[in-house]
Amino acid sequence: MAPLLKDELDIVIPTIRNLDFLEMWRPFFQPYHLIIVQDGDPTRTVMVPEGFDYELYNRNDINRILGPKASCISFKDSACRCFGYMVSKKKYVYTIDDDCFVAKDPTGKDIDALAKHIQNLLCPSTPLFFNTLYDPYQEGADFVRGYPFSLREGVPTAVSHGLWLNIPDYDAPTQLVKPRERNGRYVDAVMTIPKGSLFPMCGMNLAFDRELIGPAMYFGLMGDGQPIGRYDDMWAGWCVKVICDHLGLGVKTGLPYIWHSKASNPFVNLKKEYKGIFWQEDIIPFFQAAKLTKECDTVQKCYISLSQQVKEKLGKIDPYFVKLADAMVTWIEAWDMLNSKDSKEADVANGKLKGK
């Protein structure tokens, strides 16, 4: 049987190192096309195991393809992965970090994380009314007594947010006070995040419907030359959730698990997160109060509206948010530049998007 969505899904991987980790994923990833975004020194050669179908972009490629608009893509930060979302030509994207390995379920069987994400994305979400038996579309579950029949069709699922065994995704202060804590709890559940609730999105085991929500999956300005890091995926998650709520789309979280192998340095993380830890106390209320008008009927229009609100409201906190708001607009311009029908055909004809 052919792998699910084989010709409709790209796997995006940001990296600064050789991708030996793909060997473990070979049974699950080899049928799919990979987009590798190389961060850091573009003269370094990243080794990819034989047998994978991939294209690889480094900073020189990003600058060549986007020109002046390349300023919106972060450097020396895994936020650069969103360039892969932009150049993908597929309906779905799965992104994973290179320190994430295949996890095992409680029976000892290897977990095909990608297959579970695909299942999550192909089933509806239920953001308007919480089902206490979690995802009613999963095998062995259904809507519980008292669930309105008028809401049982659900809404299209835009995002599938997976979790991690072993090293949990903690912030630096929590890492410092719990240096040996590991997540060994396998919770066999998928749930829809209710409408109106934000969540901290982690980009290391994440899938989404690029056609439904792709233009909002911007991982912001992080890393080199920026006052903040490690908030790239969370920024995208907050923007995505507000837009999904407005457009009637769903976000799921829970299964599948991956095995997160490596704890990052909490002192390095604290330097990156320091401002964000303070700023998030203003950022979260901002997103909770953000309003999108009925004229915002596309992801792009929603995102431009959010960028204006970021500049107006969060710009008062720090000039960084003015810069970020401008980058959000540049991101949409770059997305539209690469994703109009004419531009894609021209890029293929001219070899502008390179493949391996």
# chains A, B, ... in the order shown; residues from 1 in each chain; ligands from 1
call {"tool": "residues_around", "arguments": {"residues": "Gly248 in chain A", "least_positions_apart": "6", "cutoff": "9 Å", "atoms": "only C-alpha atoms", "output": "PDB file with N, CA and C atoms, in the first residue's frame"}}
result
ATOM      1  N   PRO A 127     -13.532  22.513  17.861  1.00  0.00           N
ATOM      2  CA  PRO A 127     -13.160  23.631  18.739  1.00  0.00           C
ATOM      3  C   PRO A 127     -14.342  24.332  19.413  1.00  0.00           C
ATOM      4  N   VAL A 155     -14.978  20.903  12.224  1.00  0.00           N
ATOM      5  CA  VAL A 155     -14.419  21.880  11.274  1.00  0.00           C
ATOM      6  C   VAL A 155     -13.121  21.305  10.715  1.00  0.00           C
ATOM      7  N   PRO A 156     -12.634  21.830   9.580  1.00  0.00           N
ATOM      8  CA  PRO A 156     -11.370  21.322   9.027  1.00  0.00           C
ATOM      9  C   PRO A 156     -10.210  21.512  10.004  1.00  0.00           C
ATOM     10  N   LYS A 195     -11.871  26.797  20.939  1.00  0.00           N
ATOM     11  CA  LYS A 195     -11.876  28.150  20.389  1.00  0.00           C
ATOM     12  C   LYS A 195     -11.723  29.149  21.531  1.00  0.00           C
TER      13      LYS A 195
END
call {"tool": "select_by_dssp", "arguments": {"residues": "range 249-338 of chain A", "states": "strand (DSSP E or B)", "output": "JSON, numbers by chain"}}
result
{"A": [250, 251, 252, 253, 254, 255, 256, 257, 258, 259, 260]}
call {"tool": "write_last_selection", "arguments": {"atoms": "N, CA, C and O atoms", "output": "PDB file, in the first residue's frame"}}
result
ATOM      1  N   GLY A 250      -9.516  24.179  12.937  1.00  0.00           N
ATOM      2  CA  GLY A 250      -9.199  23.508  14.192  1.00  0.00           C
ATOM      3  C   GLY A 250      -7.726  23.230  14.383  1.00  0.00           C
ATOM      4  O   GLY A 250      -6.963  23.089  13.418  1.00  0.00           O
ATOM      5  N   VAL A 251      -7.330  23.140  15.666  1.00  0.00           N
ATOM      6  CA  VAL A 251      -5.959  22.805  16.058  1.00  0.00           C
ATOM      7  C   VAL A 251      -6.024  21.633  17.033  1.00  0.00           C
ATOM      8  O   VAL A 251      -6.711  21.711  18.054  1.00  0.00           O
ATOM      9  N   LYS A 252      -5.304  20.551  16.712  1.00  0.00           N
ATOM     10  CA  LYS A 252      -5.279  19.382  17.598  1.00  0.00           C
ATOM     11  C   LYS A 252      -3.934  19.274  18.297  1.00  0.00           C
ATOM     12  O   LYS A 252      -2.894  19.656  17.732  1.00  0.00           O
ATOM     13  N   THR A 253      -3.936  18.706  19.499  1.00  0.00           N
ATOM     14  CA  THR A 253      -2.691  18.447  20.226  1.00  0.00           C
ATOM     15  C   THR A 253      -2.785  17.100  20.921  1.00  0.00           C
ATOM     16  O   THR A 253      -3.877  16.621  21.229  1.00  0.00           O
ATOM     17  N   GLY A 254      -1.615  16.496  21.148  1.00  0.00           N
ATOM     18  CA  GLY A 254      -1.552  15.184  21.799  1.00  0.00           C
ATOM     19  C   GLY A 254      -0.678  14.249  20.998  1.00  0.00           C
ATOM     20  O   GLY A 254       0.454  14.597  20.641  1.00  0.00           O
ATOM     21  N   LEU A 255      -1.181  13.035  20.699  1.00  0.00           N
ATOM     22  CA  LEU A 255      -0.443  12.119  19.844  1.00  0.00           C
ATOM     23  C   LEU A 255      -0.188  12.766  18.486  1.00  0.00           C
ATOM     24  O   LEU A 255      -1.023  13.561  18.020  1.00  0.00           O
ATOM     25  N   PRO A 256       0.960  12.468  17.853  1.00  0.00           N
ATOM     26  CA  PRO A 256       1.927  11.433  18.185  1.00  0.00           C
ATOM     27  C   PRO A 256       3.096  11.950  19.022  1.00  0.00           C
ATOM     28  O   PRO A 256       3.399  13.140  19.024  1.00  0.00           O
ATOM     29  N   TYR A 257       3.751  11.027  19.705  1.00  0.00           N
ATOM     30  CA  TYR A 257       4.980  11.329  20.421  1.00  0.00           C
ATOM     31  C   TYR A 257       6.203  11.037  19.553  1.00  0.00           C
ATOM     32  O   TYR A 257       6.197  10.109  18.740  1.00  0.00           O
ATOM     33  N   ILE A 258       7.249  11.839  19.770  1.00  0.00           N
ATOM     34  CA  ILE A 258       8.591  11.512  19.279  1.00  0.00           C
ATOM     35  C   ILE A 258       9.490  11.428  20.516  1.00  0.00           C
ATOM     36  O   ILE A 258       9.082  11.789  21.626  1.00  0.00           O
ATOM     37  N   TRP A 259      10.726  10.938  20.339  1.00  0.00           N
ATOM     38  CA  TRP A 259      11.691  10.845  21.437  1.00  0.00           C
ATOM     39  C   TRP A 259      12.659  12.011  21.300  1.00  0.00           C
ATOM     40  O   TRP A 259      13.457  12.063  20.369  1.00  0.00           O
ATOM     41  N   HIS A 260      12.540  12.985  22.206  1.00  0.00           N
ATOM     42  CA  HIS A 260      13.425  14.152  22.166  1.00  0.00           C
ATOM     43  C   HIS A 260      14.704  13.807  22.924  1.00  0.00           C
ATOM     44  O   HIS A 260      14.684  13.627  24.131  1.00  0.00           O
TER      45      HIS A 260
END
call {"tool": "select_by_dssp", "arguments": {"residues": "range 55-224 of chain A", "states": "alpha helix (DSSP H)", "output": "MDAnalysis selection string"}}
result
chainID A and resid 59:66 82:87 113:122 172:177 210:213
call {"tool": "write_last_selection", "arguments": {"atoms": "N, CA and C atoms", "output": "compact mmCIF listing (two decimals), in the first residue's frame"}}
result
# COMPACT_ATOMS: atom_id res chain seq x y z
N ARG A 59 21.80 29.71 3.48
CA ARG A 59 21.50 31.16 3.52
C ARG A 59 21.71 31.83 2.17
N ASN A 60 22.69 31.38 1.43
CA ASN A 60 22.92 31.97 0.10
C ASN A 60 21.73 31.74 -0.82
N ASP A 61 21.15 30.54 -0.72
CA ASP A 61 19.96 30.24 -1.53
C ASP A 61 18.78 31.12 -1.12
N ILE A 62 18.60 31.27 0.19
CA ILE A 62 17.49 32.10 0.69
C ILE A 62 17.63 33.52 0.17
N ASN A 63 18.86 34.07 0.24
CA ASN A 63 19.10 35.43 -0.24
C ASN A 63 18.87 35.53 -1.75
N ARG A 64 19.28 34.48 -2.49
CA ARG A 64 19.13 34.50 -3.95
C ARG A 64 17.67 34.44 -4.34
N ILE A 65 16.89 33.61 -3.65
CA ILE A 65 15.49 33.41 -4.02
C ILE A 65 14.60 34.56 -3.59
N LEU A 66 14.84 35.08 -2.39
CA LEU A 66 13.96 36.12 -1.85
C LEU A 66 14.48 37.54 -2.07
N CYS A 82 10.89 28.08 8.55
CA CYS A 82 9.68 28.53 7.86
C CYS A 82 9.94 28.88 6.40
N PHE A 83 11.23 29.08 6.04
CA PHE A 83 11.53 29.23 4.61
C PHE A 83 11.11 27.97 3.85
N GLY A 84 11.29 26.82 4.49
CA GLY A 84 10.87 25.56 3.87
C GLY A 84 9.38 25.50 3.63
N TYR A 85 8.61 26.08 4.55
CA TYR A 85 7.15 26.11 4.38
C TYR A 85 6.80 26.94 3.14
N MET A 86 7.57 27.99 2.94
CA MET A 86 7.30 28.94 1.86
C MET A 86 7.58 28.34 0.50
N VAL A 87 8.67 27.56 0.39
CA VAL A 87 9.05 27.04 -0.93
C VAL A 87 8.40 25.68 -1.23
N ALA A 113 5.14 8.58 13.70
CA ALA A 113 4.60 9.90 14.05
C ALA A 113 3.93 10.56 12.84
N LEU A 114 4.54 10.42 11.68
CA LEU A 114 4.01 11.08 10.49
C LEU A 114 2.61 10.54 10.14
N ALA A 115 2.43 9.22 10.22
CA ALA A 115 1.13 8.63 9.90
C ALA A 115 0.05 9.14 10.85
N LYS A 116 0.41 9.30 12.12
CA LYS A 116 -0.57 9.80 13.10
C LYS A 116 -0.91 11.27 12.84
N HIS A 117 0.09 12.07 12.50
CA HIS A 117 -0.19 13.47 12.15
C HIS A 117 -1.14 13.54 10.96
N ILE A 118 -0.89 12.70 9.96
CA ILE A 118 -1.75 12.69 8.78
C ILE A 118 -3.18 12.34 9.17
N GLN A 119 -3.32 11.34 10.03
CA GLN A 119 -4.65 10.96 10.50
C GLN A 119 -5.33 12.14 11.21
N ASN A 120 -4.58 12.84 12.05
CA ASN A 120 -5.13 14.00 12.75
C ASN A 120 -5.61 15.07 11.78
N LEU A 121 -4.79 15.33 10.74
CA LEU A 121 -5.12 16.39 9.79
C LEU A 121 -6.30 16.03 8.90
N LEU A 122 -6.45 14.74 8.61
CA LEU A 122 -7.53 14.33 7.70
C LEU A 122 -8.87 14.17 8.41
N ALA A 172 13.83 27.93 30.19
CA ALA A 172 15.10 27.87 30.91
C ALA A 172 14.92 27.83 32.44
N PRO A 173 14.07 28.69 33.04
CA PRO A 173 13.92 28.62 34.50
C PRO A 173 13.46 27.24 34.98
N THR A 174 12.53 26.63 34.25
CA THR A 174 12.06 25.29 34.64
C THR A 174 13.16 24.26 34.45
N GLN A 175 13.93 24.39 33.36
CA GLN A 175 15.08 23.50 33.15
C GLN A 175 16.07 23.58 34.32
N LEU A 176 16.30 24.80 34.79
CA LEU A 176 17.29 25.00 35.86
C LEU A 176 16.86 24.37 37.17
N VAL A 177 15.57 24.43 37.48
CA VAL A 177 15.12 23.88 38.76
C VAL A 177 14.78 22.40 38.65
N ARG A 210 -0.94 23.22 4.74
CA ARG A 210 -0.31 24.44 4.21
C ARG A 210 -1.32 25.30 3.45
N GLU A 211 -2.27 24.64 2.80
CA GLU A 211 -3.26 25.41 2.02
C GLU A 211 -4.24 26.13 2.93
N LEU A 212 -4.51 25.56 4.10
CA LEU A 212 -5.46 26.19 5.02
C LEU A 212 -4.82 27.29 5.86
N ILE A 213 -3.55 27.10 6.32
CA ILE A 213 -3.00 28.02 7.32
C ILE A 213 -1.55 28.42 7.04
call {"tool": "closest_residue", "arguments": {"among": "A:Pro136, A:Pro215, A:Gly276, A:Pro179", "to": "Asp232 in chain A", "atoms": "only C-alpha atoms"}}
result
A:Gly276
call {"tool": "closest_residue", "arguments": {"among": "A:Pro14, A:Pro194, A:Gly220, A:Gly225", "to": "Gly154 in chain A", "atoms": "only C-alpha atoms"}}
result
A:Pro194
call {"tool": "residues_around", "arguments": {"residues": "range 319-335 of chain A", "least_positions_apart": "4", "cutoff": "10 Å", "atoms": "only C-alpha atoms", "output": "VMD selection string"}}
result
chain A and resid 65 to 73 82 to 83 85 to 87 214 to 222 226 to 228 299 to 301 303 to 315 339 to 340
call {"tool": "write_last_selection", "arguments": {"atoms": "N, CA and C atoms", "output": "short mmCIF file (atom, residue, chain, number, x, y, z; two decimals), in the first residue's frame"}}
result
data_model
loop_
_atom_site.label_atom_id
_atom_site.label_comp_id
_atom_site.auth_asym_id
_atom_site.auth_seq_id
_atom_site.Cartn_x
_atom_site.Cartn_y
_atom_site.Cartn_z
N ILE A 65 16.89 33.61 -3.65
CA ILE A 65 15.49 33.41 -4.02
C ILE A 65 14.60 34.56 -3.59
N LEU A 66 14.84 35.08 -2.39
CA LEU A 66 13.96 36.12 -1.85
C LEU A 66 14.48 37.54 -2.07
N GLY A 67 15.77 37.69 -2.37
CA GLY A 67 16.31 39.05 -2.54
C GLY A 67 16.19 39.84 -1.25
N PRO A 68 15.79 41.12 -1.34
CA PRO A 68 15.68 41.95 -0.13
C PRO A 68 14.69 41.39 0.90
N LYS A 69 13.73 40.60 0.43
CA LYS A 69 12.72 40.05 1.36
C LYS A 69 13.31 38.95 2.26
N ALA A 70 14.53 38.52 1.98
CA ALA A 70 15.18 37.51 2.82
C ALA A 70 15.39 38.00 4.24
N SER A 71 15.25 39.30 4.45
CA SER A 71 15.42 39.87 5.80
C SER A 71 14.40 39.31 6.78
N CYS A 72 13.31 38.76 6.30
CA CYS A 72 12.28 38.24 7.21
C CYS A 72 12.61 36.83 7.70
N ILE A 73 13.63 36.18 7.14
CA ILE A 73 13.99 34.82 7.54
C ILE A 73 15.13 34.88 8.56
N CYS A 82 10.89 28.08 8.55
CA CYS A 82 9.68 28.53 7.86
C CYS A 82 9.94 28.88 6.40
N PHE A 83 11.23 29.08 6.04
CA PHE A 83 11.53 29.23 4.61
C PHE A 83 11.11 27.97 3.85
N TYR A 85 8.61 26.08 4.55
CA TYR A 85 7.15 26.11 4.38
C TYR A 85 6.80 26.94 3.14
N MET A 86 7.57 27.99 2.94
CA MET A 86 7.30 28.94 1.86
C MET A 86 7.58 28.34 0.50
N VAL A 87 8.67 27.56 0.39
CA VAL A 87 9.05 27.04 -0.93
C VAL A 87 8.40 25.68 -1.23
N GLY A 214 -0.97 27.91 5.95
CA GLY A 214 0.45 28.13 5.68
C GLY A 214 0.97 29.55 5.83
N PRO A 215 0.30 30.57 5.27
CA PRO A 215 0.84 31.92 5.36
C PRO A 215 0.95 32.47 6.79
N ALA A 216 0.28 31.84 7.75
CA ALA A 216 0.38 32.30 9.14
C ALA A 216 1.49 31.59 9.90
N MET A 217 2.14 30.59 9.28
CA MET A 217 3.17 29.80 9.96
C MET A 217 4.55 30.47 9.88
N TYR A 218 4.56 31.75 10.21
CA TYR A 218 5.82 32.51 10.21
C TYR A 218 6.44 32.44 11.60
N PHE A 219 7.69 31.99 11.66
CA PHE A 219 8.35 31.79 12.94
C PHE A 219 9.10 33.03 13.43
N GLY A 220 8.76 34.19 12.88
CA GLY A 220 9.22 35.46 13.43
C GLY A 220 10.69 35.76 13.20
N LEU A 221 11.14 36.82 13.84
CA LEU A 221 12.55 37.25 13.78
C LEU A 221 13.23 36.82 15.06
N MET A 222 14.11 35.85 14.96
CA MET A 222 14.81 35.31 16.13
C MET A 222 16.29 35.17 15.80
N GLN A 226 18.89 39.66 16.85
CA GLN A 226 17.59 39.91 17.48
C GLN A 226 17.71 39.79 19.01
N PRO A 227 16.86 40.50 19.75
CA PRO A 227 16.98 40.49 21.22
C PRO A 227 16.33 39.28 21.89
N ILE A 228 15.86 38.32 21.11
CA ILE A 228 15.07 37.22 21.67
C ILE A 228 15.26 35.96 20.83
N VAL A 299 -6.23 33.97 5.06
CA VAL A 299 -5.14 33.93 6.05
C VAL A 299 -4.25 35.16 5.89
N GLN A 300 -3.96 35.51 4.64
CA GLN A 300 -3.09 36.67 4.41
C GLN A 300 -3.69 37.95 4.98
N LYS A 301 -4.97 38.18 4.74
CA LYS A 301 -5.61 39.39 5.26
C LYS A 301 -5.61 39.39 6.79
N TYR A 303 -3.43 37.92 8.69
CA TYR A 303 -2.07 38.09 9.17
C TYR A 303 -1.61 39.53 9.07
N ILE A 304 -1.97 40.19 7.97
CA ILE A 304 -1.63 41.61 7.81
C ILE A 304 -2.33 42.44 8.90
N SER A 305 -3.58 42.11 9.18
CA SER A 305 -4.30 42.81 10.25
C SER A 305 -3.61 42.61 11.60
N LEU A 306 -3.19 41.37 11.88
CA LEU A 306 -2.48 41.11 13.13
C LEU A 306 -1.18 41.91 13.19
N SER A 307 -0.47 41.99 12.07
CA SER A 307 0.80 42.73 12.05
C SER A 307 0.58 44.20 12.40
N GLN A 308 -0.51 44.76 11.91
CA GLN A 308 -0.83 46.17 12.23
C GLN A 308 -1.11 46.33 13.71
N GLN A 309 -1.81 45.36 14.29
CA GLN A 309 -2.11 45.42 15.71
C GLN A 309 -0.85 45.21 16.56
N VAL A 310 0.06 44.35 16.08
CA VAL A 310 1.33 44.14 16.77
C VAL A 310 2.11 45.46 16.83
N LYS A 311 2.17 46.13 15.69
CA LYS A 311 2.92 47.38 15.63
C LYS A 311 2.30 48.43 16.55
N GLU A 312 0.98 48.52 16.52
CA GLU A 312 0.28 49.54 17.30
C GLU A 312 0.33 49.27 18.81
N LYS A 313 0.09 48.02 19.21
CA LYS A 313 -0.04 47.71 20.64
C LYS A 313 1.29 47.26 21.26
N LEU A 314 1.93 46.26 20.64
CA LEU A 314 3.17 45.74 21.23
C LEU A 314 4.37 46.62 20.93
N GLY A 315 4.27 47.43 19.89
CA GLY A 315 5.36 48.36 19.57
C GLY A 315 5.66 49.32 20.71
N ASN A 339 4.33 31.88 -4.20
CA ASN A 339 3.21 30.94 -4.24
C ASN A 339 2.07 31.32 -5.16
N SER A 340 2.28 32.35 -5.95
CA SER A 340 1.29 32.59 -7.00
C SER A 340 1.52 31.54 -8.07
#
